[in-house]
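A.B. asks: This is the structure, below, for whatever I ask next.
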Protein chains: 2
Amino acid sequence: VGSPDGGEPRVLARFGDRVIDLHVLEELGLFDGVEGLDEASGGESRFGGRSLNPFLSLGPRTWQALDEKLTDILTAPPPSALGLLEQTRLDLPIEVADFCDFYASEYHASNMGRILRPGSEPLPPSWRRIPLGYHGRAGTVVVSGSPVRRPTGVIATPDGATSGPSARLDLEVELGYVVGVGSNRGEPVAVEDALDHLFGVVVLNDWSARDIQAFEYQPLGPFLGKSFATSISPWVVPIRRLSEHRVDGPVQGDEVGPNLRTPQPRGFDIDLELSINSTVVSRPEARYLHWSPEQLVAHLTSNGASLRTGDLLGTGTISGPDNSSWGSLMELGWGGQKPFVLDDGSTRSWLCDGDTVTISAWLGDGTGSSAHLAGSSADRAHQGAHLGEVTGTVLAARSG
Amino acid sequence: VGSPDGGEPRVLARFGDRVIDLHVLEELGLFDGVEGLDEASGGESRFGGRSLNPFLSLGPRTWQALDEKLTDILTAPPPSALGLLEQTRLDLPIEVADFCDFYASEYHASNMGRILRPGSEPLPPSWRRIPLGYHGRAGTVVVSGSPVRRPTGVIATPDGATSGPSARLDLEVELGYVVGVGSNRGEPVAVEDALDHLFGVVVLNDWSARDIQAFEYQPLGPFLGKSFATSISPWVVPIRRLSEHRVDGPVQGDEVGPNLRTPQPRGFDIDLELSINSTVVSRPEARYLHWSPEQLVAHLTSNGASLRTGDLLGTGTISGPDNSSWGSLMELGWGGQKPFVLDDGSTRSWLCDGDTVTISAWLGDGTGSSAHLAGSSADRAHQGAHLGEVTGTVLAARSG
């Protein structure tokens, strides 16, 4: 969603460095005959509004039909619908209904346990049986590019707590899954039906103030340590477009309940890249996620909770086996104990004011080989298509 | 919000056993000249929709102006706008933006600590310094009268966990505060400005599956144990209408940060009554809440999180000093160890299928004396105005 011409935002599709205005195509009558688009709209536009939601609610047959139609149109697009990406102001693509965030990477969850609860079992006993998650704040999900002000709060210190700006501002490399079609309260969505509800994927940065979180999180979980901002990429990649890029995820055992059992391939061959300012600091891979999006949907609705169009499900931080693929500063700096160096020679344990954090995603090359750092992003030839990017710059805390 | 005539839902006001249709009053031109209502609406109705949100966004001066106008109109209301409450189908009054729930009653938080973590300090160290809270699921907030199906999930058992229907289905007696006017991201709302944002109060039942919650809640807090349903009363009481009924809440010490300090009276003189089927089982009082709604708003936004029209802030379970005033079955049955008896002779530790749970609220008599049980609701003369009621019946879990 955005404005290629400085006017009102509308729904856009992107191809390369160009955008195409779906509202103009609709007005030109080019979507006539597309299944689901010419029915029961009451004359209302699906693409003239400020979010993808009206379109998302129409379901997989319409998503697919529009995808095919757009593929046709893009061979000779009407000039009046075209814009340049670089001239387009991009907005939040969806009206977020509920945002919940999971904890689906075993490497990440284990690292967090080792750092925060040393001496105890790193993984909670429930971790392999169900996807752990919590609800976040939907109202502070923002589009890539939005600045993020360092939050102030009551922060944990070695000898208690004090009030002030967070001194442990972190990021989390995640994917987010966007729900298109809602479900009825009281009716769980079966794991094999989840793709009837899931529309697409975004890249997500779950900004986290670890010291605010440390003070507040017992016993109710993360709250103000997370709720100040969550950034997502402006383009939603249809999950069906990724069906050829599923790969085997981690092995799951018999402890997984029958309602969550689903065959491989459960993972995605998606390579992520985290950079701070101009330094690539990590390359997590989505294949490390223990739980598939279908399993997250099945679990989330297993108690009868309904889905709504615009629900956003974060995967939780995606981390791999070592510090070339960890997805948070908590891990990369090991809770502040092991600062790392950026290309300009400065060190980081946590984010500094002015830091720009960028997370990019590409389709992988299918080899499944673990990524390794090779200097900067420019040094690495990405094999697959670029899936999206989420970026944001840290502003200083409010004074006073 | 509801339909007095079986037609489309619209915004209603209630007086006694009658409802008045604000959309009809608006169409009759009776709101002409009311500050904020005749401006900048673009010709769109504020009251013809399915929620109070368009009206709530207009702010305190308009809320007050409409209140005064309605007081005038009710002396001789136009018959075309009148309906009978008993013939009116009531819907969810607000489109819930974000729902978060706090833990603001010391008696409740202490009881939970004693039951769930015996041998440790019952209150978390953060409890007196900041209001603890978490985000719940906005999409499953339902209006009073909606049935609630017993959820199924992975439930904690004495020797591990199993899959099945919750065997520890509970309720929580709460108030909910409804946000009218949103705020900007990055700009905390000062405690003294909170009433510029808060519109009103509902009665809230935060249904809880304690065994699902017990298995999942470490370390991310409540999730599926709560997200299947939260019920609220259909009528939102303007918080300004309660300004004469503020009373001193619990004493707060110097541990409360400067941004949350606010003078007494911080409490409300509101008596609640919990009944299961026809038995009154408890009478919690809102004066036991440690944190005021203004403090909850100030804390929620202290990290820069923004408010939106329709945000709902639950107080958390309201409990008093003994079992005549505890607000959950977890406390009333002491975690299943001390079943209690209903008027029909049956016992309860947890809710049974078919149980109807009703929570009602009245303005108190100002004495502040602790309520005591006196048989059934009919035996007790409530001194003050009835503020609302939330009710719901438990359905059996889905089979299979």
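Labels for the structure tokens follow display order: chains A, B, ..., residues from 1 in each chain, ligands from 1.
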Show which residues sit within 12 Å of B:Trp63, as a PyMOL selection string. Count only C-alpha atoms, and ignore same-chain residues fewer than 4 positions away.
C.D. replies: chain B and resi 34-37+52+54-59+67-70+180-181+195-200+237-241
A.B. asks: Dump N, CA and C atoms for the selected residues as a compact mmCIF listing (two decimals), in the first residue's frame?
C.D. replies:
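out04.txt, written as the output of this step:
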# COMPACT_ATOMS: atom_id res chain seq x y z
N VAL B 34 -24.64 20.27 18.47
CA VAL B 34 -23.84 19.63 19.52
C VAL B 34 -22.37 19.69 19.11
N GLU B 35 -21.57 20.25 19.98
CA GLU B 35 -20.15 20.47 19.65
C GLU B 35 -19.46 19.20 19.16
N GLY B 36 -18.87 19.31 18.01
CA GLY B 36 -18.10 18.19 17.48
C GLY B 36 -18.92 17.25 16.63
N LEU B 37 -20.24 17.24 16.81
CA LEU B 37 -21.06 16.29 16.07
C LEU B 37 -21.47 16.82 14.71
N LEU B 52 -19.39 2.04 18.58
CA LEU B 52 -19.28 3.38 19.14
C LEU B 52 -18.03 4.11 18.66
N PRO B 54 -16.64 5.60 16.01
CA PRO B 54 -16.60 6.93 15.38
C PRO B 54 -16.96 8.04 16.37
N PHE B 55 -17.91 7.78 17.24
CA PHE B 55 -18.25 8.77 18.26
C PHE B 55 -17.14 8.90 19.30
N LEU B 56 -16.59 7.78 19.72
CA LEU B 56 -15.56 7.82 20.77
C LEU B 56 -14.34 8.65 20.35
N SER B 57 -14.04 8.62 19.07
CA SER B 57 -12.84 9.32 18.60
C SER B 57 -12.98 10.84 18.71
N LEU B 58 -14.20 11.33 18.95
CA LEU B 58 -14.41 12.79 18.92
C LEU B 58 -13.94 13.51 20.17
N GLY B 59 -13.82 12.80 21.27
CA GLY B 59 -13.20 13.41 22.44
C GLY B 59 -14.14 13.92 23.50
N ASP B 67 -23.91 14.08 26.13
CA ASP B 67 -24.51 13.66 27.39
C ASP B 67 -25.56 14.69 27.82
N GLU B 68 -25.19 15.96 27.74
CA GLU B 68 -26.13 17.03 28.13
C GLU B 68 -27.32 17.07 27.18
N LYS B 69 -27.07 16.93 25.90
CA LYS B 69 -28.17 16.96 24.93
C LYS B 69 -29.13 15.80 25.18
N LEU B 70 -28.58 14.61 25.46
CA LEU B 70 -29.44 13.44 25.69
C LEU B 70 -30.28 13.65 26.95
N GLY B 180 -11.27 6.23 24.13
CA GLY B 180 -11.96 6.96 23.09
C GLY B 180 -11.02 7.62 22.11
N VAL B 181 -10.12 8.42 22.64
CA VAL B 181 -9.22 9.21 21.79
C VAL B 181 -7.83 8.57 21.79
N LEU B 195 -7.63 11.13 31.27
CA LEU B 195 -9.08 11.22 31.07
C LEU B 195 -9.45 11.95 29.78
N ASP B 196 -8.48 12.57 29.13
CA ASP B 196 -8.74 13.10 27.78
C ASP B 196 -8.86 11.97 26.77
N HIS B 197 -8.41 10.78 27.16
CA HIS B 197 -8.40 9.64 26.24
C HIS B 197 -9.42 8.56 26.63
N LEU B 198 -9.70 8.45 27.92
CA LEU B 198 -10.56 7.36 28.39
C LEU B 198 -12.02 7.75 28.28
N PHE B 199 -12.82 6.92 27.63
CA PHE B 199 -14.24 7.23 27.52
C PHE B 199 -15.07 6.57 28.60
N GLY B 200 -14.91 5.28 28.82
CA GLY B 200 -15.88 4.63 29.70
C GLY B 200 -15.45 3.30 30.26
N VAL B 237 -20.36 2.64 30.26
CA VAL B 237 -20.71 3.74 31.16
C VAL B 237 -19.65 4.84 31.03
N PRO B 238 -20.03 6.07 30.65
CA PRO B 238 -19.02 7.12 30.53
C PRO B 238 -18.29 7.32 31.86
N ILE B 239 -16.99 7.38 31.81
CA ILE B 239 -16.20 7.44 33.04
C ILE B 239 -16.46 8.77 33.76
N ARG B 240 -16.82 9.81 32.98
CA ARG B 240 -17.15 11.10 33.61
C ARG B 240 -18.39 11.02 34.49
N ARG B 241 -19.28 10.09 34.15
CA ARG B 241 -20.47 9.90 34.96
C ARG B 241 -20.13 9.33 36.34
A.B. asks: Give the helix (DSSP H, G or I) residues of stretch 178-297 of chain B, as assigned by DSSP on the backbone, as JSON, numbers by chain.
C.D. replies: {"B": [191, 192, 193, 194, 195, 196, 210, 211, 212, 213, 214, 215, 216, 239, 240, 241, 242, 243, 244, 245, 258, 259, 260, 286, 287, 288, 293, 294, 295, 296, 297]}
A.B. asks: Those same residues - N, CA, C and O atoms - I'd like them written as a tab-separated table (two decimals), in the first residue's frame.
C.D. replies:
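Result written to selection.tsv:
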chain	number	residue	atom	x	y	z
B	191	VAL	N	-0.24	10.98	33.30
B	191	VAL	CA	-1.32	10.45	34.13
B	191	VAL	C	-2.43	11.47	34.30
B	191	VAL	O	-3.62	11.12	34.30
B	192	GLU	N	-2.07	12.76	34.34
B	192	GLU	CA	-3.10	13.79	34.52
B	192	GLU	C	-3.88	14.07	33.23
B	192	GLU	O	-4.90	14.77	33.26
B	193	ASP	N	-3.39	13.55	32.09
B	193	ASP	CA	-4.11	13.74	30.82
B	193	ASP	C	-4.91	12.51	30.41
B	193	ASP	O	-5.56	12.52	29.35
B	194	ALA	N	-4.86	11.46	31.21
B	194	ALA	CA	-5.43	10.19	30.77
B	194	ALA	C	-6.94	10.28	30.50
B	194	ALA	O	-7.46	9.63	29.60
B	195	LEU	N	-7.63	11.13	31.27
B	195	LEU	CA	-9.08	11.22	31.07
B	195	LEU	C	-9.45	11.95	29.78
B	195	LEU	O	-10.61	11.93	29.37
B	196	ASP	N	-8.48	12.57	29.13
B	196	ASP	CA	-8.74	13.10	27.78
B	196	ASP	C	-8.86	11.97	26.77
B	196	ASP	O	-9.32	12.18	25.65
B	210	ARG	N	-7.31	-22.65	33.29
B	210	ARG	CA	-6.11	-22.63	34.14
B	210	ARG	C	-5.11	-23.72	33.80
B	210	ARG	O	-3.90	-23.54	34.03
B	211	ASP	N	-5.60	-24.86	33.30
B	211	ASP	CA	-4.67	-25.96	33.01
B	211	ASP	C	-3.95	-25.74	31.68
B	211	ASP	O	-2.78	-26.10	31.53
B	212	ILE	N	-4.62	-25.10	30.72
B	212	ILE	CA	-3.93	-24.72	29.48
B	212	ILE	C	-2.89	-23.65	29.81
B	212	ILE	O	-1.73	-23.72	29.40
B	213	GLN	N	-3.31	-22.69	30.62
B	213	GLN	CA	-2.43	-21.60	31.03
B	213	GLN	C	-1.20	-22.12	31.78
B	213	GLN	O	-0.07	-21.68	31.54
B	214	ALA	N	-1.41	-23.08	32.67
B	214	ALA	CA	-0.31	-23.59	33.47
B	214	ALA	C	0.76	-24.25	32.60
B	214	ALA	O	1.96	-24.14	32.87
B	215	PHE	N	0.33	-24.90	31.53
B	215	PHE	CA	1.31	-25.60	30.68
B	215	PHE	C	2.10	-24.63	29.82
B	215	PHE	O	3.28	-24.84	29.54
B	216	GLU	N	1.45	-23.55	29.37
B	216	GLU	CA	2.06	-22.72	28.33
B	216	GLU	C	2.73	-21.45	28.83
B	216	GLU	O	3.44	-20.80	28.08
B	239	ILE	N	-16.99	7.38	31.81
B	239	ILE	CA	-16.20	7.44	33.04
B	239	ILE	C	-16.46	8.77	33.76
B	239	ILE	O	-16.38	8.86	34.99
B	240	ARG	N	-16.82	9.81	32.98
B	240	ARG	CA	-17.15	11.10	33.61
B	240	ARG	C	-18.39	11.02	34.49
B	240	ARG	O	-18.55	11.78	35.44
B	241	ARG	N	-19.28	10.09	34.15
B	241	ARG	CA	-20.47	9.90	34.96
B	241	ARG	C	-20.13	9.33	36.34
B	241	ARG	O	-20.97	9.29	37.22
B	242	LEU	N	-18.90	8.83	36.46
B	242	LEU	CA	-18.48	8.20	37.72
B	242	LEU	C	-17.60	9.13	38.56
B	242	LEU	O	-17.09	8.72	39.60
B	243	SER	N	-17.45	10.38	38.12
B	243	SER	CA	-16.48	11.26	38.80
B	243	SER	C	-16.87	11.53	40.25
B	243	SER	O	-16.00	11.75	41.10
B	244	GLU	N	-18.15	11.49	40.56
B	244	GLU	CA	-18.59	11.70	41.94
B	244	GLU	C	-18.45	10.42	42.78
B	244	GLU	O	-18.77	10.44	43.97
B	245	HIS	N	-18.04	9.38	42.14
B	245	HIS	CA	-17.99	8.09	42.84
B	245	HIS	C	-16.57	7.55	42.93
B	245	HIS	O	-16.36	6.36	43.06
B	258	PRO	N	7.71	8.57	39.26
B	258	PRO	CA	7.10	9.90	39.14
B	258	PRO	C	6.01	9.96	38.07
B	258	PRO	O	5.02	10.67	38.25
B	259	ASN	N	6.18	9.21	37.00
B	259	ASN	CA	5.19	9.31	35.91
B	259	ASN	C	3.86	8.67	36.26
B	259	ASN	O	2.88	8.84	35.54
B	260	LEU	N	3.82	7.92	37.37
B	260	LEU	CA	2.56	7.28	37.77
B	260	LEU	C	1.95	7.90	39.02
B	260	LEU	O	0.87	7.49	39.44
B	286	ALA	N	-14.53	-2.65	43.51
B	286	ALA	CA	-13.50	-2.04	42.66
B	286	ALA	C	-12.52	-1.20	43.47
B	286	ALA	O	-11.42	-0.92	43.00
B	287	ARG	N	-12.92	-0.79	44.69
B	287	ARG	CA	-12.00	0.02	45.50
B	287	ARG	C	-10.73	-0.75	45.87
B	287	ARG	O	-9.76	-0.14	46.30
B	288	TYR	N	-10.73	-2.08	45.70
B	288	TYR	CA	-9.54	-2.86	46.01
B	288	TYR	C	-8.46	-2.77	44.92
B	288	TYR	O	-7.36	-3.29	45.10
B	293	PRO	N	-7.37	3.79	36.54
B	293	PRO	CA	-7.33	3.75	35.07
B	293	PRO	C	-6.34	4.76	34.49
B	293	PRO	O	-5.69	4.48	33.49
B	294	GLU	N	-6.22	5.90	35.15
B	294	GLU	CA	-5.25	6.90	34.67
B	294	GLU	C	-3.83	6.36	34.73
B	294	GLU	O	-3.01	6.61	33.85
B	295	GLN	N	-3.54	5.63	35.80
B	295	GLN	CA	-2.19	5.05	35.93
B	295	GLN	C	-1.96	3.95	34.89
B	295	GLN	O	-0.84	3.82	34.37
B	296	LEU	N	-2.99	3.17	34.59
B	296	LEU	CA	-2.82	2.14	33.57
B	296	LEU	C	-2.50	2.77	32.22
B	296	LEU	O	-1.62	2.29	31.49
B	297	VAL	N	-3.20	3.85	31.87
B	297	VAL	CA	-2.94	4.53	30.60
B	297	VAL	C	-1.54	5.12	30.57
B	297	VAL	O	-0.80	5.00	29.59
A.B. asks: Based on only C-alpha atoms, which of the residues in chain B come within 7 Å of chain A? I want them as a PyMOL selection string.
C.D. replies: chain B and resi 98+124+126+132-140+149+151-153+186+215-216+218-224+227-228+302-306+308
A.B. asks: Which residues in stretch 181-211 of chain A does DSSP call strand (DSSP E)? List them as a VMD selection string.
C.D. replies: chain A and resid 198 to 205 208 to 209
A.B. asks: Can you pull out the residues contacting A:His23? Cut-off 8 Å, using only C-alpha atoms, and skip same-chain residues under 6 positions away; I want them as a list in words.
C.D. replies: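 The residues that qualify are Arg10, Val11, Leu12, Ser45, Arg46, Phe47 and Gly48 of chain A.
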